[in-house]
Each structure stands twice: as C-alpha cells, then as structure tokens.
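Have a look at data.cif; it's mmCIF, C-alpha atoms (C1' of nucleotides):
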data_final
loop_
_atom_site.label_atom_id
_atom_site.label_comp_id
_atom_site.auth_asym_id
_atom_site.auth_seq_id
_atom_site.Cartn_x
_atom_site.Cartn_y
_atom_site.Cartn_z
CA MET X 281 -58.75 26.27 -28.55
CA SER X 282 -60.21 26.13 -32.03
CA LEU X 283 -60.38 22.98 -34.08
CA ARG X 284 -57.55 24.26 -36.20
CA GLU X 285 -55.36 24.88 -33.21
CA LYS X 286 -56.13 21.47 -31.82
CA LYS X 287 -55.17 19.88 -35.10
CA ALA X 288 -51.94 21.82 -35.19
CA ALA X 289 -51.16 20.80 -31.64
CA LYS X 290 -51.80 17.18 -32.49
CA LYS X 291 -49.58 17.46 -35.53
CA ARG X 292 -46.81 18.85 -33.41
CA GLU X 293 -47.12 15.87 -31.15
CA ASP X 294 -47.13 13.48 -34.08
CA ILE X 295 -43.97 15.07 -35.33
CA LEU X 296 -42.31 14.78 -31.97
CA ARG X 297 -43.29 11.14 -31.75
CA SER X 298 -41.97 10.35 -35.21
CA ALA X 299 -38.83 12.34 -34.65
CA SER X 300 -38.21 10.36 -31.49
CA LEU X 301 -38.70 7.19 -33.42
CA VAL X 302 -36.35 8.09 -36.22
CA ILE X 303 -33.74 9.37 -33.83
CA ALA X 304 -34.03 6.20 -31.81
CA ARG X 305 -33.33 4.25 -34.97
CA GLN X 306 -30.58 6.34 -36.49
CA GLY X 307 -29.17 8.60 -33.83
CA TYR X 308 -29.47 12.35 -33.85
CA GLN X 309 -26.73 13.15 -36.31
CA HIS X 310 -27.95 10.65 -38.86
CA ALA X 311 -31.64 11.36 -38.59
CA THR X 312 -32.32 13.90 -41.30
CA MET X 313 -35.30 16.16 -41.44
CA GLU X 314 -36.22 14.31 -44.58
CA ASP X 315 -36.25 10.98 -42.74
CA ILE X 316 -38.44 12.39 -40.03
CA ALA X 317 -40.82 13.86 -42.57
CA ALA X 318 -40.94 10.59 -44.51
CA GLU X 319 -41.96 8.73 -41.38
CA LEU X 320 -45.05 10.97 -41.31
CA LEU X 321 -45.62 10.86 -45.05
CA MET X 322 -44.87 14.57 -45.18
CA THR X 323 -42.15 16.59 -46.79
CA LYS X 324 -39.50 18.31 -44.79
CA GLY X 325 -40.73 21.73 -45.81
CA SER X 326 -43.77 21.10 -43.65
CA LEU X 327 -41.72 20.39 -40.59
CA TYR X 328 -40.45 23.93 -40.75
CA TYR X 329 -43.99 25.14 -40.53
CA TYR X 330 -44.25 23.60 -37.09
CA PHE X 331 -40.71 23.93 -35.80
CA LYS X 332 -38.21 26.65 -36.43
CA ASN X 333 -35.36 24.25 -37.09
CA LYS X 334 -33.98 20.84 -36.30
CA GLN X 335 -32.51 21.90 -33.03
CA GLU X 336 -35.81 23.18 -31.78
CA LEU X 337 -37.57 20.02 -32.84
CA LEU X 338 -34.99 18.12 -30.88
CA PHE X 339 -35.37 20.32 -27.91
CA TYR X 340 -39.06 19.54 -27.64
CA CYS X 341 -38.51 15.79 -28.05
CA HIS X 342 -36.06 15.98 -25.25
CA ASP X 343 -38.24 18.15 -23.11
CA LEU X 344 -41.16 15.78 -23.47
CA ILE X 345 -39.23 12.83 -22.15
CA LEU X 346 -37.77 14.78 -19.32
CA SER X 347 -41.22 15.97 -18.33
CA LYS X 348 -42.52 12.44 -18.26
CA ALA X 349 -39.54 11.38 -16.19
CA ILE X 350 -40.03 14.15 -13.70
CA SER X 351 -43.66 13.37 -13.16
CA LYS X 352 -42.77 9.77 -12.43
CA MET X 353 -40.40 10.98 -9.74
CA GLU X 354 -42.99 13.30 -8.27
CA LYS X 355 -45.30 10.35 -7.91
CA ILE X 356 -42.65 8.31 -6.13
CA GLN X 357 -41.83 11.26 -3.92
CA ARG X 358 -45.41 11.40 -2.67
CA GLU X 359 -45.63 7.72 -1.78
CA ASP X 360 -45.52 6.75 1.86
CA ILE X 361 -42.66 4.24 1.75
CA SER X 362 -39.10 3.98 3.05
CA ALA X 363 -36.27 5.90 1.44
CA GLU X 364 -34.78 2.63 0.32
CA ASP X 365 -37.93 1.70 -1.52
CA LYS X 366 -38.10 5.15 -3.03
CA ILE X 367 -34.61 5.02 -4.42
CA LYS X 368 -35.25 1.51 -5.67
CA LYS X 369 -38.35 2.65 -7.47
CA ALA X 370 -36.50 5.62 -8.83
CA ILE X 371 -33.75 3.40 -10.17
CA LYS X 372 -36.28 1.12 -11.80
CA ALA X 373 -38.07 4.03 -13.38
CA HIS X 374 -34.83 5.41 -14.68
CA VAL X 375 -33.81 2.08 -16.15
CA ALA X 376 -37.12 1.98 -17.98
CA ILE X 377 -36.63 5.41 -19.46
CA ALA X 378 -33.04 4.80 -20.43
CA ILE X 379 -34.00 1.63 -22.23
CA GLU X 380 -37.20 2.79 -23.82
CA GLU X 381 -36.02 6.15 -25.03
CA LYS X 382 -32.49 5.13 -25.90
CA GLU X 383 -31.27 7.73 -28.36
CA ILE X 384 -33.27 10.65 -27.18
CA PHE X 385 -32.09 9.96 -23.73
CA ASN X 386 -28.62 10.28 -25.09
CA LEU X 387 -29.29 13.90 -25.78
CA ILE X 388 -29.98 14.41 -22.14
CA ILE X 389 -26.55 13.07 -21.49
CA GLU X 390 -24.66 15.33 -23.86
CA PRO X 391 -26.74 18.40 -24.62
CA GLU X 392 -23.68 20.57 -25.06
CA GLN X 393 -22.71 18.82 -28.26
CA ILE X 394 -26.01 19.59 -29.87
CA PHE X 395 -27.87 22.50 -28.43
CA SER X 396 -26.90 26.12 -28.48
CA GLU X 397 -26.94 28.58 -25.60
CA GLU X 398 -30.60 29.40 -25.80
CA HIS X 399 -31.73 25.85 -25.06
CA ILE X 400 -28.92 24.60 -22.88
CA GLY X 401 -29.94 26.63 -19.87
CA ARG X 402 -33.44 25.27 -19.88
CA ILE X 403 -32.24 21.74 -20.42
CA ILE X 404 -29.72 21.78 -17.63
CA GLU X 405 -32.21 23.28 -15.28
CA LYS X 406 -34.79 20.64 -15.95
CA ARG X 407 -32.25 17.87 -15.81
CA ASP X 408 -31.10 19.10 -12.44
CA ARG X 409 -34.65 19.08 -11.25
CA TYR X 410 -34.84 15.45 -12.26
CA THR X 411 -31.61 14.31 -10.66
CA GLY X 412 -32.55 16.31 -7.61
CA PHE X 413 -35.14 13.70 -6.78
CA PHE X 414 -32.43 11.11 -6.39
CA ASP X 415 -30.58 13.41 -4.06
CA GLN X 416 -33.70 13.90 -2.02
CA PHE X 417 -34.31 10.20 -1.66
CA ILE X 418 -30.74 9.60 -0.61
CA GLU X 419 -30.82 12.39 1.92
CA GLU X 420 -34.09 11.17 3.31
CA GLY X 421 -32.48 7.78 3.85
CA ILE X 422 -29.50 9.32 5.60
CA ARG X 423 -31.70 11.44 7.85
CA ASN X 424 -33.72 8.54 9.09
CA GLY X 425 -30.76 6.21 9.41
CA GLU X 426 -31.50 3.82 6.55
CA PHE X 427 -28.40 4.83 4.65
CA ASN X 428 -24.94 5.67 5.80
CA LEU X 429 -22.59 7.54 3.52
CA LYS X 430 -20.71 10.78 3.23
CA GLN X 431 -20.48 11.39 -0.50
CA LYS X 432 -24.11 11.83 -1.41
CA LYS X 433 -23.51 13.53 -4.70
CA MET X 434 -20.98 11.04 -5.94
CA ALA X 435 -23.20 8.18 -4.90
CA ARG X 436 -25.96 9.69 -6.95
CA MET X 437 -23.68 10.07 -9.92
CA MET X 438 -22.59 6.48 -9.67
CA ILE X 439 -26.19 5.37 -9.66
CA MET X 440 -27.13 7.57 -12.59
CA GLY X 441 -24.07 6.49 -14.50
CA ALA X 442 -24.64 2.82 -13.95
CA VAL X 443 -28.21 3.11 -15.09
CA ASN X 444 -27.55 5.39 -18.03
CA TRP X 445 -25.08 2.89 -19.26
CA THR X 446 -27.78 0.26 -19.77
CA GLN X 447 -28.86 2.38 -22.67
CA VAL X 448 -25.65 1.45 -24.45
CA TRP X 449 -25.74 -2.28 -24.10
CA TYR X 450 -29.38 -3.15 -23.64
CA SER X 451 -31.01 -4.83 -26.55
CA ALA X 452 -34.52 -6.20 -26.55
CA ALA X 453 -33.21 -9.44 -28.01
CA GLY X 454 -30.43 -9.70 -25.44
CA GLU X 455 -29.70 -11.90 -22.51
CA TYR X 456 -31.67 -9.97 -19.92
CA ASP X 457 -35.14 -8.53 -20.01
CA LYS X 458 -36.06 -5.14 -18.71
CA LYS X 459 -37.64 -6.38 -15.49
CA GLU X 460 -34.59 -8.38 -14.55
CA ILE X 461 -32.34 -5.41 -15.10
CA GLN X 462 -34.54 -3.18 -13.04
CA THR X 463 -34.63 -5.57 -10.10
CA ILE X 464 -30.96 -6.37 -10.05
CA TYR X 465 -29.83 -2.80 -10.58
CA ALA X 466 -32.05 -1.56 -7.77
CA GLU X 467 -30.85 -4.27 -5.44
CA TYR X 468 -27.12 -3.96 -6.16
CA LEU X 469 -26.92 -0.21 -6.32
CA VAL X 470 -28.70 0.24 -3.03
CA LYS X 471 -26.02 -1.94 -1.43
CA MET X 472 -23.67 0.98 -2.00
CA LEU X 473 -25.77 3.21 0.18
CA VAL X 474 -26.40 1.14 3.30
CA MET L 141 13.18 0.44 -41.25
CA SER L 142 14.69 3.20 -43.32
CA LEU L 143 14.98 6.77 -42.16
CA ARG L 144 12.10 7.66 -44.41
CA GLU L 145 9.88 5.02 -42.96
CA LYS L 146 10.76 6.04 -39.43
CA LYS L 147 9.87 9.61 -40.22
CA ALA L 148 6.59 8.56 -41.72
CA ALA L 149 5.80 6.43 -38.69
CA LYS L 150 6.57 9.33 -36.39
CA LYS L 151 4.37 11.59 -38.45
CA ARG L 152 1.53 9.14 -38.17
CA GLU L 153 1.91 9.23 -34.42
CA ASP L 154 2.02 13.01 -34.40
CA ILE L 155 -1.16 13.09 -36.37
CA LEU L 156 -2.86 10.69 -34.00
CA ARG L 157 -1.80 12.76 -31.04
CA SER L 158 -3.06 15.98 -32.57
CA ALA L 159 -6.26 14.39 -33.72
CA SER L 160 -6.86 13.16 -30.18
CA LEU L 161 -6.28 16.64 -28.90
CA VAL L 162 -8.62 18.32 -31.32
CA ILE L 163 -11.30 15.73 -30.80
CA ALA L 164 -10.94 16.10 -27.07
CA ARG L 165 -11.54 19.79 -27.49
CA GLN L 166 -14.32 19.77 -30.03
CA GLY L 167 -15.84 16.32 -30.13
CA TYR L 168 -15.65 13.98 -33.06
CA GLN L 169 -18.38 15.50 -35.18
CA HIS L 170 -17.04 19.00 -34.84
CA ALA L 171 -13.38 18.25 -35.27
CA THR L 172 -12.72 18.77 -38.95
CA MET L 173 -9.79 17.41 -40.88
CA GLU L 174 -8.78 21.01 -41.36
CA ASP L 175 -8.69 21.61 -37.61
CA ILE L 176 -6.56 18.56 -37.10
CA ALA L 177 -4.19 19.59 -39.85
CA ALA L 178 -3.98 23.14 -38.51
CA GLU L 179 -2.92 21.81 -35.13
CA LEU L 180 0.08 20.29 -36.87
CA LEU L 181 0.74 23.25 -39.13
CA MET L 182 -0.13 21.08 -42.09
CA THR L 183 -2.87 21.22 -44.66
CA LYS L 184 -5.62 18.69 -44.69
CA GLY L 185 -4.50 17.26 -48.02
CA SER L 186 -1.47 15.87 -46.26
CA LEU L 187 -3.50 13.94 -43.78
CA TYR L 188 -4.82 11.86 -46.61
CA TYR L 189 -1.33 10.85 -47.49
CA TYR L 190 -1.05 9.12 -44.11
CA PHE L 191 -4.62 7.99 -43.51
CA LYS L 192 -7.18 6.81 -45.98
CA ASN L 193 -9.96 8.92 -44.47
CA LYS L 194 -11.26 10.49 -41.32
CA GLN L 195 -12.80 7.32 -40.08
CA GLU L 196 -9.56 5.45 -40.31
CA LEU L 197 -7.72 8.23 -38.54
CA LEU L 198 -10.29 7.97 -35.81
CA PHE L 199 -9.99 4.27 -35.64
CA TYR L 200 -6.31 4.45 -34.89
CA CYS L 201 -6.79 7.16 -32.23
CA HIS L 202 -9.28 4.93 -30.61
CA ASP L 203 -7.15 1.87 -30.91
CA LEU L 204 -4.22 3.59 -29.31
CA ILE L 205 -6.13 4.48 -26.18
CA LEU L 206 -7.66 1.06 -25.90
CA SER L 207 -4.22 -0.49 -26.19
CA LYS L 208 -2.90 1.66 -23.40
CA ALA L 209 -5.91 0.77 -21.28
CA ILE L 210 -5.43 -2.92 -21.86
CA SER L 211 -1.81 -2.86 -20.90
CA LYS L 212 -2.69 -1.16 -17.65
CA MET L 213 -5.08 -4.00 -16.91
CA GLU L 214 -2.50 -6.60 -17.77
CA LYS L 215 -0.19 -5.04 -15.27
CA ILE L 216 -2.84 -5.13 -12.56
CA GLN L 217 -3.67 -8.69 -13.46
CA ARG L 218 -0.10 -9.77 -12.78
CA GLU L 219 0.13 -8.15 -9.36
CA ASP L 220 0.01 -10.37 -6.33
CA ILE L 221 -2.84 -8.71 -4.44
CA SER L 222 -6.41 -9.56 -3.43
CA ALA L 223 -9.23 -9.50 -5.94
CA GLU L 224 -10.72 -6.57 -4.08
CA ASP L 225 -7.56 -4.57 -4.51
CA LYS L 226 -7.39 -5.55 -8.14
CA ILE L 227 -10.87 -4.37 -8.91
CA LYS L 228 -10.23 -1.21 -6.97
CA LYS L 229 -7.13 -0.52 -8.98
CA ALA L 230 -8.98 -1.32 -12.17
CA ILE L 231 -11.71 1.13 -11.25
CA LYS L 232 -9.18 3.82 -10.50
CA ALA L 233 -7.38 3.21 -13.76
CA HIS L 234 -10.61 3.36 -15.65
CA VAL L 235 -11.62 6.61 -13.98
CA ALA L 236 -8.30 8.07 -15.05
CA ILE L 237 -8.79 7.08 -18.66
CA ALA L 238 -12.37 8.24 -18.79
CA ILE L 239 -11.40 11.62 -17.45
CA GLU L 240 -8.18 12.12 -19.32
CA GLU L 241 -9.33 10.94 -22.71
CA LYS L 242 -12.84 12.29 -22.50
CA GLU L 243 -13.96 12.60 -26.10
CA ILE L 244 -12.00 9.80 -27.61
CA PHE L 245 -13.27 7.59 -24.91
CA ASN L 246 -16.71 8.48 -26.07
CA LEU L 247 -16.00 6.70 -29.29
CA ILE L 248 -15.37 3.55 -27.37
CA ILE L 249 -18.79 3.94 -25.90
CA GLU L 250 -20.69 4.38 -29.14
CA PRO L 251 -18.64 3.05 -32.02
CA GLU L 252 -21.72 2.09 -34.00
CA GLN L 253 -22.61 5.70 -34.63
CA ILE L 254 -19.32 6.41 -36.27
CA PHE L 255 -17.51 3.42 -37.60
CA SER L 256 -18.53 1.19 -40.43
CA GLU L 257 -18.56 -2.60 -40.53
CA GLU L 258 -14.90 -3.01 -41.31
CA HIS L 259 -13.74 -1.35 -38.12
CA ILE L 260 -16.55 -2.22 -35.76
CA GLY L 261 -15.60 -5.85 -35.46
CA ARG L 262 -12.07 -5.04 -34.41
CA ILE L 263 -13.23 -2.40 -31.99
CA ILE L 264 -15.76 -4.57 -30.26
CA GLU L 265 -13.29 -7.38 -29.97
CA LYS L 266 -10.70 -5.21 -28.34
CA ARG L 267 -13.22 -3.58 -26.09
CA ASP L 268 -14.39 -6.97 -24.93
CA ARG L 269 -10.85 -7.90 -24.16
CA TYR L 270 -10.65 -4.83 -21.97
CA THR L 271 -13.88 -5.35 -20.07
CA GLY L 272 -12.94 -8.99 -19.71
CA PHE L 273 -10.36 -7.99 -17.15
CA PHE L 274 -13.07 -6.66 -14.90
CA ASP L 275 -14.92 -9.93 -15.24
CA GLN L 276 -11.79 -11.83 -14.34
CA PHE L 277 -11.18 -9.79 -11.22
CA ILE L 278 -14.76 -10.22 -10.09
CA GLU L 279 -14.68 -13.94 -10.68
CA GLU L 280 -11.42 -14.25 -8.86
CA GLY L 281 -13.04 -12.55 -5.88
CA ILE L 282 -16.01 -14.87 -5.98
CA ARG L 283 -13.83 -17.96 -6.23
CA ASN L 284 -11.82 -17.11 -3.17
CA GLY L 285 -14.77 -15.89 -1.15
CA GLU L 286 -14.00 -12.17 -1.09
CA PHE L 287 -17.10 -11.32 -3.08
CA ASN L 288 -20.58 -12.73 -3.00
CA LEU L 289 -22.90 -12.12 -5.89
CA LYS L 290 -24.79 -13.94 -8.60
CA GLN L 291 -25.00 -11.43 -11.42
CA LYS L 292 -21.37 -10.98 -12.34
CA LYS L 293 -21.97 -9.48 -15.73
CA MET L 294 -24.49 -6.97 -14.55
CA ALA L 295 -22.28 -5.97 -11.68
CA ARG L 296 -19.50 -5.34 -14.15
CA MET L 297 -21.79 -3.26 -16.30
CA MET L 298 -22.88 -1.20 -13.34
CA ILE L 299 -19.28 -0.52 -12.47
CA MET L 300 -18.33 0.39 -16.02
CA GLY L 301 -21.39 2.55 -16.38
CA ALA L 302 -20.82 4.43 -13.17
CA VAL L 303 -17.24 5.13 -14.12
CA ASN L 304 -17.89 5.99 -17.75
CA TRP L 305 -20.36 8.53 -16.55
CA THR L 306 -17.66 10.56 -14.83
CA GLN L 307 -16.56 11.51 -18.29
CA VAL L 308 -19.77 13.48 -18.68
CA TRP L 309 -19.68 15.55 -15.56
CA TYR L 310 -16.04 15.71 -14.60
CA SER L 311 -14.39 19.04 -15.09
CA ALA L 312 -10.89 19.88 -14.03
CA ALA L 313 -12.19 23.04 -12.42
CA GLY L 314 -14.99 21.23 -10.63
CA GLU L 315 -15.75 20.31 -7.07
CA TYR L 316 -13.78 17.08 -6.95
CA ASP L 317 -10.32 16.25 -8.13
CA LYS L 318 -9.39 13.11 -9.95
CA LYS L 319 -7.83 11.39 -6.98
CA GLU L 320 -10.87 11.90 -4.83
CA ILE L 321 -13.11 10.48 -7.48
CA GLN L 322 -10.92 7.47 -7.93
CA THR L 323 -10.84 6.68 -4.24
CA ILE L 324 -14.51 7.15 -3.57
CA TYR L 325 -15.63 5.32 -6.69
CA ALA L 326 -13.42 2.35 -5.88
CA GLU L 327 -14.64 2.24 -2.31
CA TYR L 328 -18.36 2.61 -3.01
CA LEU L 329 -18.57 0.38 -6.04
CA VAL L 330 -16.80 -2.46 -4.31
CA LYS L 331 -19.47 -2.33 -1.64
CA MET L 332 -21.82 -3.73 -4.26
CA LEU L 333 -19.72 -6.84 -4.61
CA VAL L 334 -19.11 -7.96 -1.05
"C1'" DT Y 248 -70.47 28.04 -52.41
"C1'" DT Y 249 -66.53 30.62 -51.80
"C1'" DG Y 250 -62.50 33.10 -50.52
"C1'" DA Y 251 -59.28 34.02 -46.90
"C1'" DA Y 252 -56.41 31.82 -43.69
"C1'" DG Y 253 -53.90 27.80 -42.87
"C1'" DA Y 254 -51.04 23.94 -44.48
"C1'" DT Y 255 -48.14 21.61 -47.78
"C1'" DT Y 256 -45.11 21.12 -51.48
"C1'" DG Y 257 -40.71 20.52 -53.90
"C1'" DA Y 258 -37.36 22.79 -56.23
"C1'" DC Y 259 -33.81 25.87 -54.95
"C1'" DT Y 260 -30.19 28.03 -52.14
"C1'" DT Y 261 -26.72 27.68 -48.86
"C1'" DG Y 262 -23.26 26.02 -46.00
"C1'" DT Y 263 -20.11 22.75 -44.48
"C1'" DA Y 264 -16.74 19.50 -44.57
"C1'" DA Y 265 -14.84 15.32 -46.65
"C1'" DT Y 266 -12.17 13.82 -50.34
"C1'" DT Y 267 -9.42 14.09 -54.70
"C1'" DC Y 268 -5.66 15.30 -57.52
"C1'" DA Y 269 -2.39 17.55 -60.60
"C1'" DA Y 270 1.22 20.36 -59.80
"C1'" DA Y 271 4.95 22.09 -56.87
"C1'" DA Y 272 8.36 21.51 -53.32
"C1'" DA Y 273 11.52 18.90 -50.55
"C1'" DA Y 274 14.52 15.14 -49.64
"C1'" DA Y 275 17.49 11.30 -50.86
"C1'" DG Y 276 20.64 8.94 -53.44
"C1'" DA Y 277 23.69 8.56 -57.49
"C1'" DT O 108 24.72 18.59 -59.07
"C1'" DC O 109 20.94 16.19 -61.13
"C1'" DT O 110 17.28 12.92 -61.11
"C1'" DT O 111 13.99 10.31 -58.92
"C1'" DT O 112 10.99 9.50 -55.25
"C1'" DT O 113 8.43 11.11 -51.45
"C1'" DT O 114 5.72 14.59 -49.41
"C1'" DT O 115 2.99 18.67 -49.38
"C1'" DT O 116 -0.05 21.87 -51.24
"C1'" DG O 117 -4.36 24.26 -52.19
"C1'" DA O 118 -7.76 24.64 -55.41
"C1'" DA O 119 -11.51 21.99 -57.24
"C1'" DT O 120 -14.89 18.45 -56.64
"C1'" DT O 121 -18.33 15.96 -54.33
"C1'" DA O 122 -21.74 14.79 -51.12
"C1'" DC O 123 -25.03 15.73 -48.09
"C1'" DA O 124 -28.34 17.82 -45.39
"C1'" DA O 125 -30.34 22.14 -43.43
"C1'" DG O 126 -33.15 25.74 -44.33
"C1'" DT O 127 -36.06 28.94 -47.67
"C1'" DC O 128 -39.84 30.31 -50.32
"C1'" DA O 129 -43.13 31.25 -54.00
"C1'" DA O 130 -46.68 28.62 -55.70
"C1'" DT O 131 -50.35 25.47 -54.81
"C1'" DC O 132 -53.69 22.95 -52.38
"C1'" DT O 133 -57.06 22.39 -48.27
"C1'" DT O 134 -60.03 23.66 -44.91
"C1'" DC O 135 -63.57 25.97 -42.73
"C1'" DA O 136 -66.48 29.80 -41.41
"C1'" DA O 137 -69.55 32.96 -43.27
#

Kindly transcribe the structure held in the file into structure tokens.
Amino acid sequence: MSLREKKAAKKREDILRSASLVIARQGYQHATMEDIAAELLMTKGSLYYYFKNKQELLFYCHDLILSKAISKMEKIQREDISAEDKIKKAIKAHVAIAIEEKEIFNLIIEPEQIFSEEHIGRIIEKRDRYTGFFDQFIEEGIRNGEFNLKQKKMARMMIMGAVNWTQVWYSAAGEYDKKEIQTIYAEYLVKMLV
Amino acid sequence: MSLREKKAAKKREDILRSASLVIARQGYQHATMEDIAAELLMTKGSLYYYFKNKQELLFYCHDLILSKAISKMEKIQREDISAEDKIKKAIKAHVAIAIEEKEIFNLIIEPEQIFSEEHIGRIIEKRDRYTGFFDQFIEEGIRNGEFNLKQKKMARMMIMGAVNWTQVWYSAAGEYDKKEIQTIYAEYLVKMLV
DNA sequence: TTGAAGATTGACTTGTAATTCAAAAAAAGA
DNA sequence: TCTTTTTTTGAATTACAAGTCAATCTTCAA
C-alpha cells in the first residue's frame, strides 16, 4: 500500500470514528453530514470523496462495531471454561458494547428503518453470526448439564433484550457503574438458564 | 358538550387512531402528515386544525397507549393473587402491548429523539408511573418472601428490556405466536426473581 | 522544481416534508 | 332561506439536509 493509500485509509477510519461520535451524541437522524464533517474540521463535500453517501458511511460504522463484538465472542469461545462462565462473559461483553457504543448500537437493533436492501442482507447476516455465539454457549451448557431449558432461542432473546435495554437507561453519571451492571446482569440472567 | 364539540372530539380520536396505524406501518420518521391524512381521506391541512403540529399529534398517540397500559396495571394491582402471579400477568400484558403497538411503543422507548422539552417531562412522568407497577409487584414479592433478590431496580430493567425487545423481532408470521411468548417470558423471567 | 493525480472546497441543486393561510365549502342556527 | 361560524382545502411557503460538481489547492514522484 502506498503512502497515499495509507493516508486515505486512515482518513476513512477517522471519519468513521467521528461519525460514531456525532451519532452517539445526536442520534442517526439528527447527525448531519455537516456535523460529522465539522467534527473533523472538514467540509461535507469531502466526506463524499470517501463514502458514497450517508447510508454507506453508517454502514461501515456499524460494521466496525459488529466486527469488534464478534472478535470478542470468538475469544470467549476459545477459552477453556464452563458454559456458565462463557455466557456470563458474553453478557458482560455485550453490556460493555451496548453502553459504550450507545447510538450506533441502536442501528444494529433497527437496521430496517435506515438501510436499504443492499446493506440489510450483510447486516443481518453478521448480526446473526454474533448472536449465534450466545446460542452456542447456551447449547453447550445444555449438553453438559449445566443448564436446563427447552426454549433456547427465546432465552437468548430475553438475554439480548435485557442487555440491549441498558443502552436506553444507562448514563455515566447514573446510579450504577458499568462494572456493577455487568456483574449483576450476568448473575441474574444466568439464573434463568439453570 | 355540544354536538359540534362531540364531533370534533371524535375526529381527534379518529386522527389518533389513523396516525397510530400509519406509524405502526411506516415508523415515525417515515409517516408523513400526508400519509396520515390520506388514511382518513382528508388533506394534511385539516390535521393542523385539530393538532398544533406533528409532534403534538404524536404525543397524544403515545399518551393514549400509555394510558391504556397503566389501566391494565391498575387492574392487576387490585387482584387478590400472589406477587408472582401479578408480575407474570404484568409481563404478559407488557408483551401484548409491545407486540401490538410496535412502532408507537418505540416512542415510549426513545422519547428524547423525538419530543421537545415541553412534552418530555410529561412522558417520562407517565412512563415512570407505568414501570412503577413492576417495582411494586417485585417489592410485594420480596416482602412476603416469594422473591429473594437485592437489586430490585435492575431486575425490573432486565424484565422490561427483555420484553421490549420482542417488539424488534416479533412478527405475526414468525415461529412463535403471542401466547407462547407471553407464557415463556413470564415463566423464565420470574426465575430470575425467586 | 513541477505537473499530474489526489484531495478539498463551498456554492449550488434537489428533494422532501412540515407548516401556513386565504379562500371555498359545509353545517348550524336564526 | 340567509348569515355566521366551523371545517376543509390545496397551493404556496419554509426549513432543512443530502448530494453534486467545477474550480482550487496539495502532495508527491520524477
């Protein structure tokens, strides 16, 4: 990769980072291309040099987070610990993402409202890959007798839902800190499974 | 109330009903005043005769659903059954609302994105009144020994989150029907509390 | 040093949807 | 019926933000 290409790649990353930031502050609908550009001391015209349009910019923001999330899960998957500990770690990791990436994470929740056909397929696929890890951990626990439940899928959805919800109410200044939430969520939600 | 006033009141209700419908179909951002008017065989100019603006129209849609939800809870509250049964009924009721009112319910989740100061206060207040019922049921269960947990508030949030999430994935054509979801959610989530 | 490729600009176009409003139509009451 | 009030209309206005593009500036390799 030439110097120029490296620079361009870095710029793309910078844009994604700033876009994430602005979206986190203002929400997707209210974050304008101008706002995102301003954050980088650029003009919006430039953004279009790097990304075809707002939707595509969004798509890559989204994709970045999902990729990070998936690699966390892969790491957990490889660890040599009980299924219970795996699902607990997974819950904690998911809490962290939901809290730290607030608004962008929201997009993962409701892609249909924002993305068009072309992106949706890829998003759903990747999202399924992510949630699949939770299914695996649950199944592992059932197989080796740690857990006991029939409705695996619904249990997973309850867990995801509970955790995704933190995104709505969590505030850094609030009553609970992240660590507390992680611990308690992991503990309580696992009680559903055993 | 004169005939005229009654008619106007009825029209306001009709508008709220149609608006709910259109929003349920298209989501808030994509439901235009024109769409809402078309549903009623009116023109959008008329809507402004009954509601100051789109936001206010929305506010009343929202308020209507929340009112219905609260009165369901009040009914459960008055019943002479165990705390466990109360929370189970509450969960089932909440599942029903989340599924049936999909998009409008969404507004309850994220009012900050849409409403301005003037409405937000009233919304939050009413929403708190609603979630307060869940707190009451949980506390009741703790008091009389049915439940055993320290983190009441977080438990409530996990329950609400899990249930709110159904709204995202539930589809009438999908794998599970409403009743199934209600039963399993109530059963599993209560396992967290005991 | 220089000129071609790459990057940036900002004014402009476009599209959408909310909101306004004067005029017309409908309804009610005298 | 006639007059006044209420309701509806649809065309015009307004606001906002996405996306375009010709012109300009920057960079870097020769």

Using 12 Å as the limit and counting all atoms listed in the file, can you tabulate each residue of chain Y that touches chain X, with its shortest atom-to-atom distance in Å and the two atoms involved, as a Markdown table?
| residue | atom | partner | partner_atom | distance |
| --- | --- | --- | --- | --- |
| Y:DA252 | C1' | X:Arg284 | CA | 10.7 |
| Y:DG253 | C1' | X:Arg284 | CA | 8.4 |
| Y:DA254 | C1' | X:Ser326 | CA | 7.8 |
| Y:DT255 | C1' | X:Ser326 | CA | 6.0 |
| Y:DT256 | C1' | X:Thr323 | CA | 7.2 |
| Y:DG257 | C1' | X:Gly325 | CA | 8.2 |
| Y:DA258 | C1' | X:Gly325 | CA | 11.0 |

Calculate, to one decimal in Å, the centre and edge lengths of the box along x, y and z of the file that holds all listed atoms of segment 299-308 of chain X with 5 Å of margin on each side, and present them as lines of an AutoDock Vina configuration file.
center_x = -34.0
center_y = 8.3
center_z = -34.0
size_x = 19.7
size_y = 18.1
size_z = 15.0

* To do: Using only C-alpha atoms (C1' of nucleotides), find the one residue out of O:DT116, O:DA137, O:DG126, O:DT131 that sits nearest to chain X.
  => O:DG126

* Asked: Quick one: which residues end up in the PyMOL selection byres ((chain X) within 8 of (chain L)) for this structure, as a list in words?
  ->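 What the PyMOL selection byres ((chain X) within 8 of (chain L)) grabs from the file is Gly307, Ile389, Glu390, Gln393, Gln431, Met434, Ala435, Met437, Met438, Ile439, Met440, Gly441, Ala442, Val443, Asn444, Trp445, Thr446, Val448, Ile464, Tyr465, Tyr468, Leu469, Lys471 and Met472 of chain X.
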
Can you build me a table of chain O residues sitting at most 10 Å from chain X, with the closest atom pair per residue and its distance in Å to one decimal, using only C-alpha atoms (C1' of nucleotides), sorted by chain and residue number, as JSON lines?
{"residue": "O:DA124", "atom": "C1'", "partner": "X:Thr312", "partner_atom": "CA", "distance": 6.9}
{"residue": "O:DA125", "atom": "C1'", "partner": "X:Met313", "partner_atom": "CA", "distance": 8.0}
{"residue": "O:DG126", "atom": "C1'", "partner": "X:Asn333", "partner_atom": "CA", "distance": 7.7}
{"residue": "O:DT127", "atom": "C1'", "partner": "X:Gly325", "partner_atom": "CA", "distance": 8.8}
{"residue": "O:DC128", "atom": "C1'", "partner": "X:Gly325", "partner_atom": "CA", "distance": 9.7}
{"residue": "O:DT134", "atom": "C1'", "partner": "X:Arg284", "partner_atom": "CA", "distance": 9.1}
{"residue": "O:DC135", "atom": "C1'", "partner": "X:Arg284", "partner_atom": "CA", "distance": 9.0}

* **Expansion of the PyMOL selection byres ((chain Y and resi 266) around 8) into residues, as a ChimeraX atom specification** => /L:193 /Y:265,267 /O:121

* d(atom CA of Ala378 of chain X, atom CA of Tyr450 of chain X) in Å -> 9.3 Å
